[in-house]
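Asks: Compact mmCIF, C-alpha atoms, file model36.txt:
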```
# COMPACT_ATOMS: atom_id res chain seq x y z
CA MET D 1 0.00 0.00 0.00
CA GLU D 2 2.71 2.47 0.99
CA ASP D 3 4.69 1.91 -2.21
CA ALA D 4 1.55 2.29 -4.35
CA LEU D 5 0.59 5.58 -2.67
CA HIS D 6 4.11 6.93 -3.01
CA ALA D 7 4.01 6.17 -6.74
CA ILE D 8 0.74 8.08 -7.09
CA MET D 9 2.13 11.01 -5.11
CA ILE D 10 5.13 11.22 -7.44
CA GLU D 11 2.70 11.33 -10.38
CA ALA D 12 0.54 13.99 -8.71
CA LEU D 13 3.54 16.20 -7.93
CA ALA D 14 5.16 15.77 -11.36
CA PRO D 15 3.68 18.98 -12.89
CA TYR D 16 5.23 20.98 -10.04
CA GLN D 17 8.73 19.50 -9.91
CA GLY D 18 10.20 22.98 -9.88
CA ALA D 19 8.46 23.73 -6.57
CA LEU D 20 7.66 20.35 -5.05
CA ARG D 21 9.69 17.19 -4.62
CA LEU D 22 8.63 14.23 -2.52
CA GLY D 23 11.16 13.87 0.29
CA GLU D 24 12.27 17.50 0.03
CA SER D 25 9.38 19.97 -0.03
CA ALA D 26 6.63 17.34 0.13
CA SER D 27 6.24 14.33 2.39
CA LEU D 28 3.83 11.38 2.51
CA ALA D 29 3.39 9.09 5.52
CA VAL D 30 1.25 5.93 5.44
CA LEU D 31 0.40 3.99 8.60
CA SER D 32 -1.81 1.05 9.53
CA ALA D 33 -3.77 0.40 12.72
CA GLU D 34 -0.87 -1.75 13.96
CA ASP D 35 1.31 1.37 14.15
CA GLN D 36 -0.75 3.19 16.79
CA GLN D 37 1.24 1.69 19.64
CA ASP D 38 4.31 3.57 18.42
CA HIS D 39 2.78 7.03 18.83
CA PHE D 40 1.50 9.06 21.77
CA LEU D 41 -0.75 12.07 21.34
CA HIS D 42 0.41 15.54 22.30
CA PRO D 43 -1.62 16.73 25.35
CA GLU D 44 -3.38 19.33 23.18
CA GLU D 45 -4.31 16.64 20.63
CA GLU D 46 -5.64 14.49 23.46
CA GLN D 47 -7.87 17.35 24.60
CA ALA D 48 -9.12 17.93 21.04
CA LEU D 49 -10.28 14.31 20.70
CA PRO D 50 -14.06 14.05 21.33
CA PRO D 51 -14.43 12.49 24.81
CA ARG D 52 -17.05 9.97 23.66
CA ALA D 53 -15.12 8.79 20.60
CA CYS D 54 -15.28 5.03 20.13
CA MET D 55 -12.09 2.97 20.08
CA ARG D 56 -11.95 2.94 16.28
CA LYS D 57 -12.38 6.72 16.02
CA ARG D 58 -9.72 7.18 18.67
CA THR D 59 -7.36 4.89 16.77
CA GLU D 60 -7.96 6.83 13.55
CA TRP D 61 -7.30 10.11 15.37
CA VAL D 62 -4.04 8.78 16.82
CA LEU D 63 -2.92 7.38 13.47
CA GLY D 64 -3.78 10.59 11.64
CA ARG D 65 -1.69 12.63 14.06
CA ALA D 66 1.10 10.04 13.94
CA ALA D 67 1.18 10.17 10.13
CA ALA D 68 1.18 13.98 10.18
CA CYS D 69 3.99 14.00 12.76
CA ARG D 70 6.10 11.62 10.69
CA ALA D 71 5.53 13.64 7.50
CA LEU D 72 6.37 16.88 9.31
CA ARG D 73 9.62 15.45 10.65
CA GLU D 74 10.58 14.34 7.13
CA LEU D 75 10.23 17.98 6.10
CA GLY D 76 12.60 19.00 8.88
CA GLY D 77 9.90 20.36 11.17
CA ASP D 78 9.71 20.04 14.94
CA PRO D 79 6.94 18.02 16.61
CA TRP D 80 3.75 20.08 16.46
CA PRO D 81 0.26 19.29 17.78
CA VAL D 82 -2.17 18.93 14.87
CA LEU D 83 -5.47 20.24 16.21
CA ARG D 84 -8.92 20.62 14.62
CA GLY D 85 -10.35 23.72 13.00
CA ASP D 86 -13.96 24.87 13.20
CA HIS D 87 -14.99 22.48 10.41
CA GLY D 88 -12.98 19.50 11.61
CA GLU D 89 -10.02 20.23 9.34
CA PRO D 90 -6.43 19.75 10.58
CA VAL D 91 -4.64 22.94 11.62
CA TRP D 92 -1.08 22.97 10.27
CA PRO D 93 2.01 24.90 11.38
CA GLU D 94 2.76 28.19 9.61
CA GLY D 95 4.11 27.56 6.11
CA ILE D 96 2.78 24.00 5.90
CA GLY D 97 -0.25 22.74 3.98
CA GLY D 98 -1.57 19.23 4.01
CA SER D 99 -4.31 16.64 4.12
CA ILE D 100 -5.10 13.50 6.15
CA THR D 101 -7.27 10.56 5.14
CA HIS D 102 -8.53 7.53 7.05
CA CYS D 103 -9.84 4.24 5.66
CA TRP D 104 -9.60 1.43 8.16
CA PRO D 105 -7.01 0.13 8.81
CA TRP D 106 -5.03 2.70 6.78
CA THR D 107 -4.19 6.34 7.39
CA ALA D 108 -2.17 8.65 5.16
CA ALA D 109 -0.95 12.24 5.51
CA LEU D 110 0.46 14.40 2.72
CA LEU D 111 2.27 17.58 3.77
CA ILE D 112 3.75 20.28 1.57
CA LYS D 113 6.14 23.03 2.59
CA ALA D 114 4.44 25.76 0.57
CA GLY D 115 1.99 27.56 2.83
CA LYS D 116 -1.29 28.40 1.11
CA ARG D 117 0.06 28.34 -2.42
CA PHE D 118 -1.10 24.76 -3.05
CA ALA D 119 -4.53 23.21 -2.67
CA ILE D 120 -3.93 19.72 -1.26
CA GLY D 121 -6.49 16.99 -0.69
CA ILE D 122 -6.23 13.21 -0.41
CA ASP D 123 -8.89 10.59 0.25
CA LEU D 124 -9.11 6.81 0.62
CA GLU D 125 -12.42 4.94 0.33
CA ASN D 126 -13.29 1.25 0.73
CA LEU D 127 -15.05 -0.07 -2.40
CA GLU D 128 -16.88 -2.80 -0.52
CA ARG D 129 -18.26 -0.36 2.07
CA ALA D 130 -19.23 2.16 -0.60
CA ALA D 131 -21.30 -0.53 -2.34
CA LEU D 132 -23.62 -0.90 0.65
CA VAL D 133 -25.60 2.31 0.04
CA ASP D 134 -26.65 4.13 -3.14
CA PHE D 135 -25.99 7.80 -2.30
CA SER D 136 -25.70 8.92 -5.92
CA SER D 137 -28.65 11.33 -5.68
CA VAL D 138 -26.90 13.18 -2.87
CA ILE D 139 -23.44 13.58 -4.38
CA CYS D 140 -23.85 13.41 -8.17
CA THR D 141 -24.85 16.00 -10.76
CA ALA D 142 -26.85 14.80 -13.78
CA ALA D 143 -23.70 14.48 -15.90
CA GLU D 144 -21.93 12.50 -13.17
CA LEU D 145 -24.93 10.17 -12.86
CA ASP D 146 -24.75 9.46 -16.59
CA TRP D 147 -21.08 8.53 -16.22
CA THR D 148 -21.60 6.28 -13.17
CA ARG D 149 -24.40 4.40 -14.96
CA GLY D 150 -22.21 3.83 -18.00
CA GLY D 151 -19.92 1.32 -16.27
CA GLU D 152 -19.42 -0.41 -12.92
CA PHE D 153 -21.90 1.74 -11.01
CA GLN D 154 -20.71 1.26 -7.42
CA ARG D 155 -17.02 1.54 -8.32
CA ARG D 156 -17.59 4.73 -10.29
CA LEU D 157 -19.78 6.13 -7.53
CA ALA D 158 -17.00 5.49 -5.01
CA MET D 159 -14.56 7.24 -7.35
CA ILE D 160 -16.83 10.31 -7.57
CA PHE D 161 -17.33 10.43 -3.80
CA SER D 162 -13.62 10.02 -3.04
CA ALA D 163 -12.56 12.60 -5.62
CA LYS D 164 -15.03 15.17 -4.28
CA GLU D 165 -13.80 14.57 -0.74
CA ALA D 166 -10.26 15.29 -1.95
CA VAL D 167 -11.44 18.46 -3.70
CA TYR D 168 -13.25 19.70 -0.60
CA LYS D 169 -10.24 19.09 1.61
CA GLY D 170 -8.02 20.94 -0.83
CA LEU D 171 -10.32 23.92 -1.34
CA HIS D 172 -11.49 24.47 2.21
CA PRO D 173 -8.48 26.62 3.24
CA PHE D 174 -9.33 28.98 0.37
CA CYS D 175 -13.04 29.50 1.15
CA ARG D 176 -13.41 28.44 4.83
CA ARG D 177 -16.96 27.23 4.36
CA TYR D 178 -18.97 24.08 3.74
CA ILE D 179 -19.01 23.09 0.07
CA ASP D 180 -22.01 21.11 -1.14
CA PHE D 181 -21.33 18.00 -3.22
CA LYS D 182 -23.16 19.46 -6.20
CA GLU D 183 -21.16 22.69 -6.20
CA VAL D 184 -18.40 20.65 -7.84
CA GLU D 185 -18.84 18.68 -11.08
CA LEU D 186 -16.33 16.07 -12.19
CA ALA D 187 -15.64 14.82 -15.71
CA TRP D 188 -13.59 11.65 -16.23
CA LEU D 189 -10.45 11.86 -18.37
CA PRO D 190 -9.45 8.28 -19.29
CA ARG D 191 -5.93 8.98 -20.56
CA PRO D 192 -4.54 10.59 -17.38
CA ARG D 193 -7.05 8.61 -15.26
CA SER D 194 -8.15 11.78 -13.55
CA PHE D 195 -11.23 13.92 -13.06
CA ARG D 196 -11.43 17.43 -14.45
CA VAL D 197 -12.91 19.72 -11.79
CA ALA D 198 -15.57 22.31 -12.65
CA PHE D 199 -17.21 24.64 -10.16
CA VAL D 200 -20.96 25.21 -10.15
CA GLY D 201 -23.11 28.12 -8.98
CA GLY D 202 -21.58 30.60 -6.55
CA LEU D 203 -18.44 28.53 -6.25
CA LYS D 204 -17.72 29.18 -9.95
CA THR D 205 -17.41 32.90 -9.22
CA GLU D 206 -15.62 32.34 -5.93
CA PHE D 207 -12.91 30.25 -7.56
CA ALA D 208 -12.80 31.98 -10.95
CA ALA D 209 -9.08 32.73 -10.55
CA LEU D 210 -8.17 29.23 -9.40
CA GLY D 211 -7.78 27.83 -12.91
CA GLU D 212 -8.38 24.34 -14.19
CA CYS D 213 -7.46 21.53 -11.83
CA LYS D 214 -7.67 17.76 -11.74
CA VAL D 215 -7.99 14.93 -9.23
CA LEU D 216 -6.03 11.74 -9.78
CA SER D 217 -8.06 8.61 -9.09
CA ARG D 218 -6.55 5.16 -8.64
CA ARG D 219 -7.82 1.77 -7.51
CA ILE D 220 -5.51 0.00 -5.07
CA ASN D 221 -6.70 -3.50 -4.19
CA GLY D 222 -10.15 -2.93 -2.68
CA LEU D 223 -9.67 0.81 -2.18
CA VAL D 224 -10.06 3.97 -4.21
CA PHE D 225 -7.46 6.68 -3.68
CA SER D 226 -7.96 10.29 -4.82
CA CYS D 227 -5.40 13.07 -4.84
CA LEU D 228 -5.67 16.78 -5.61
CA VAL D 229 -2.49 18.87 -5.79
CA HIS D 230 -3.04 22.25 -7.43
CA ASP D 231 -0.81 25.31 -7.69
CA THR D 232 -3.14 28.27 -7.15
CA GLU D 233 -0.53 30.74 -8.36
CA ARG D 234 0.24 29.00 -11.65
CA PRO D 235 -2.73 26.71 -12.43
CA ALA D 236 -1.69 23.65 -14.42
CA ARG D 237 -3.55 22.84 -17.63
CA LEU D 238 -4.96 19.38 -18.15
CA ALA D 239 -4.50 17.08 -21.08
CA ALA D 240 -7.69 16.85 -23.14
```
Could the structure of this file be written out as structure tokens, please?

Replies:
Amino acid sequence: MEDALHAIMIEALAPYQGALRLGESASLAVLSAEDQQDHFLHPEEEQALPPRACMRKRTEWVLGRAAACRALRELGGDPWPVLRGDHGEPVWPEGIGGSITHCWPWTAALLIKAGKRFAIGIDLENLERAALVDFSSVICTAAELDWTRGGEFQRRLAMIFSAKEAVYKGLHPFCRRYIDFKEVELAWLPRPRSFRVAFVGGLKTEFAALGECKVLSRRINGLVFSCLVHDTERPARLAA
């Protein structure tokens, strides 16, 4: 799993090699539930954990902070408590941007030493779990529904959901508000195996200067992994 995610990260960062290099200005850490015994929460992180969190939620919280801590150290940073913002998002040290994802028993954290220049979002989803409920009417636009019905429905639906989660995580620092699923419309690009991101309604005006961005989507065993890395200062153009 770790090797597969690292390979995808290298692909996602490739358009920005002048500014971002994995192991130098970007760092990815991948942990499993077995790794929680090797990490202890910072007292402030312990206080930020909901007191009634079940054991699994607690484990995910610990692993998320452990992955973030490992990634931060790889970037040369000192240990730093990763707390929660008003919308549940991780709060990073000054000059650092990043994203955390959980999908039992895995947790991954991607950190970039670039402040708010880059929109960063990653997400892991379990295909088997996603197949249990049809939530297409909640998350999909009409065009996305047409695409999901044109192939393996549940797999494509999981891809849409995961990609939108990655987009929301990446864009939240730039708008600081809840983004509805249908404020973002995705179009599949088979050759780069990515989604083109389009903004709908008020979000289209809000992010008019953001440029065209994409979300890489990959299937890894029984999981779907989505990754958004977008330079907001020099938006990358997508292949048609």

Asks: Would you mind reading off the distance between atom CA of Pro173 of chain D and atom CA of Glu74 of chain D, one decimal, in Å?

Replies: 23.0 Å

Asks: Please identify all polymer residues within 10 Å of Lys214 of chain D, counting only C-alpha atoms, omitting same-chain residues fewer than 5 positions from it, and present them as a list in words.

Replies: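 That gives Ala12, Ala163, Val167, Leu186, Ala187, Trp188, Leu189, Pro192, Arg193, Ser194, Phe195, Arg196, Val197, Ala198, Cys227, Leu228, Val229, His230, Ala236, Arg237, Leu238 and Ala239 of chain D.
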
Asks: Per residue of segment 79-173 of chain D within 9 Å of segment 1-10 of chain D, which atom pair is closest and at what distance in Å (one decimal), using all atoms listed in the file, listed by chain and increasing number, as JSON lines?

Replies:
```
{"residue": "D:Trp106", "atom": "CA", "partner": "D:Met1", "partner_atom": "CA", "distance": 8.9}
{"residue": "D:Ala108", "atom": "CA", "partner": "D:Leu5", "partner_atom": "CA", "distance": 8.9}
{"residue": "D:Leu110", "atom": "CA", "partner": "D:Met9", "partner_atom": "CA", "distance": 8.7}
```

Asks: Residues near Glu144 of chain D, anyone? I mean within 12 Å using all atoms listed in the file, not counting same-chain ones fewer than 4 positions away, as a list in words.

Replies: Ser136, Ser137, Val138, Ile139, Cys140, Thr148, Arg149, Gly150, Gly151, Phe153, Arg156, Leu157, Ala158, Met159, Ile160, Phe161, Lys164, Phe181, Lys182, Val184, Glu185, Leu186, Ala187, Trp188, Phe195, Arg196, Val197 and Ala198 of chain D

Asks: Go ahead and write the selection's residues with C-alpha atoms as a compact mmCIF listing (two decimals), keeping the file's coordinate frame.

Replies:
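Saved the output as result.txt:
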```
# COMPACT_ATOMS: atom_id res chain seq x y z
CA SER D 136 -25.70 8.92 -5.92
CA SER D 137 -28.65 11.33 -5.68
CA VAL D 138 -26.90 13.18 -2.87
CA ILE D 139 -23.44 13.58 -4.38
CA CYS D 140 -23.85 13.41 -8.17
CA THR D 148 -21.60 6.28 -13.17
CA ARG D 149 -24.40 4.40 -14.96
CA GLY D 150 -22.21 3.83 -18.00
CA GLY D 151 -19.92 1.32 -16.27
CA PHE D 153 -21.90 1.74 -11.01
CA ARG D 156 -17.59 4.73 -10.29
CA LEU D 157 -19.78 6.13 -7.53
CA ALA D 158 -17.00 5.49 -5.01
CA MET D 159 -14.56 7.24 -7.35
CA ILE D 160 -16.83 10.31 -7.57
CA PHE D 161 -17.33 10.43 -3.80
CA LYS D 164 -15.03 15.17 -4.28
CA PHE D 181 -21.33 18.00 -3.22
CA LYS D 182 -23.16 19.46 -6.20
CA VAL D 184 -18.40 20.65 -7.84
CA GLU D 185 -18.84 18.68 -11.08
CA LEU D 186 -16.33 16.07 -12.19
CA ALA D 187 -15.64 14.82 -15.71
CA TRP D 188 -13.59 11.65 -16.23
CA PHE D 195 -11.23 13.92 -13.06
CA ARG D 196 -11.43 17.43 -14.45
CA VAL D 197 -12.91 19.72 -11.79
CA ALA D 198 -15.57 22.31 -12.65
```

Asks: Need the shell around segment 202-207 of chain D: protein/DNA/RNA residues with any atom at most 10 Å away, counting all atoms listed in the file. Skip same-chain ones fewer than 3 positions apart. Format as a PDB file with C-alpha atoms, in the coordinates of the input?

Replies:
```
ATOM      1  CA  LEU D 171     -10.320  23.920  -1.340  1.00  0.00           C
ATOM      2  CA  PHE D 174      -9.330  28.980   0.370  1.00  0.00           C
ATOM      3  CA  CYS D 175     -13.040  29.500   1.150  1.00  0.00           C
ATOM      4  CA  ILE D 179     -19.010  23.090   0.070  1.00  0.00           C
ATOM      5  CA  ASP D 180     -22.010  21.110  -1.140  1.00  0.00           C
ATOM      6  CA  GLU D 183     -21.160  22.690  -6.200  1.00  0.00           C
ATOM      7  CA  VAL D 184     -18.400  20.650  -7.840  1.00  0.00           C
ATOM      8  CA  ALA D 198     -15.570  22.310 -12.650  1.00  0.00           C
ATOM      9  CA  PHE D 199     -17.210  24.640 -10.160  1.00  0.00           C
ATOM     10  CA  LEU D 210      -8.170  29.230  -9.400  1.00  0.00           C
ATOM     11  CA  GLY D 211      -7.780  27.830 -12.910  1.00  0.00           C
ATOM     12  CA  GLU D 212      -8.380  24.340 -14.190  1.00  0.00           C
ATOM     13  CA  THR D 232      -3.140  28.270  -7.150  1.00  0.00           C
TER      14      THR D 232
END
```

Asks: Nearest to Val82 of chain D among D:Ala209, D:Ala29, D:Ala53, D:Ala48, with distances taken over only C-alpha atoms: which residue is it?

Replies: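 Smallest distance to Val82 of chain D is found for D:Ala48.
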
Asks: Quick one: everything within 10 Å of Ala66 of chain D, counting only C-alpha atoms, minus sequence neighbours fewer than 2 positions away in the same chain. Send it as a compact mmCIF listing (two decimals) with C-alpha atoms, in the frame of the given file.

Replies:
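Ended up saving to selection_7.txt:
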```txt
# COMPACT_ATOMS: atom_id res chain seq x y z
CA ALA D 29 3.39 9.09 5.52
CA VAL D 30 1.25 5.93 5.44
CA LEU D 31 0.40 3.99 8.60
CA ASP D 35 1.31 1.37 14.15
CA GLN D 36 -0.75 3.19 16.79
CA ASP D 38 4.31 3.57 18.42
CA HIS D 39 2.78 7.03 18.83
CA PHE D 40 1.50 9.06 21.77
CA LEU D 41 -0.75 12.07 21.34
CA GLU D 60 -7.96 6.83 13.55
CA TRP D 61 -7.30 10.11 15.37
CA VAL D 62 -4.04 8.78 16.82
CA LEU D 63 -2.92 7.38 13.47
CA GLY D 64 -3.78 10.59 11.64
CA ALA D 68 1.18 13.98 10.18
CA CYS D 69 3.99 14.00 12.76
CA ARG D 70 6.10 11.62 10.69
CA ALA D 71 5.53 13.64 7.50
CA LEU D 72 6.37 16.88 9.31
CA VAL D 82 -2.17 18.93 14.87
CA THR D 107 -4.19 6.34 7.39
CA ALA D 108 -2.17 8.65 5.16
CA ALA D 109 -0.95 12.24 5.51
```

Asks: How far is it from atom CA of Phe135 of chain D to atom CA of Glu165 of chain D, in Å with one decimal?

Replies: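 Atom-to-atom, atom CA of Phe135 of chain D to atom CA of Glu165 of chain D, that is 14.0 Å.
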
Asks: Could you check the closest approach to Ile220 of chain D for each of D:Ile96, D:Ala19, D:Leu124, D:Cys54 and tell me which residue wins, using all atoms listed in the file?

Replies: D:Leu124

Asks: Please provide the set of residues having any atom within 9 Å of Gly23 of chain D, restricted to all atoms listed in the file, with same-chain residues fewer than 4 positions apart removed, written as a PyMOL selection string.

Replies: chain D and resi 27-28+74-75

Asks: Pick from D:Leu13, D:Leu22, D:Leu132, D:Ile122: nearest to Arg218 of chain D, with all atoms listed in the file counted?

Replies: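 Among D:Leu13, D:Leu22, D:Leu132, D:Ile122, it is D:Ile122 that comes nearest to Arg218 of chain D.
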
Asks: Please indicate the distance in Å from atom CA of Ala26 of chain D to atom CA of Leu223 of chain D, rounded to one decimal place.

Replies: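 We find that atom CA of Ala26 of chain D and atom CA of Leu223 of chain D lie 23.3 Å from each other.
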
Asks: What box, with edges along x, y and z, holds each listed atom of segment 212-220 of chain D when 4 Å is added on every side, and can you state its centre and edge lengths in Å to one decimal, as lines of an AutoDock Vina configuration file?

Replies:
```
center_x = -6.9
center_y = 12.2
center_z = -9.6
size_x = 10.9
size_y = 32.3
size_z = 17.1
```

Asks: Identify which of the residues D:Gly222, D:Gly18, D:Gly121, D:Gly115 lies closest to Arg155 of chain D, counting only C-alpha atoms when measuring atom-to-atom distances.

Replies: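 Selected residue with least distance to Arg155 of chain D: D:Gly222.
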
Asks: Kindly indicate which residue among D:Cys103, D:Asp123, D:Tyr178, D:His172 lies nearest to Ser226 of chain D, using all atoms listed in the file for the distances.

Replies: D:Asp123
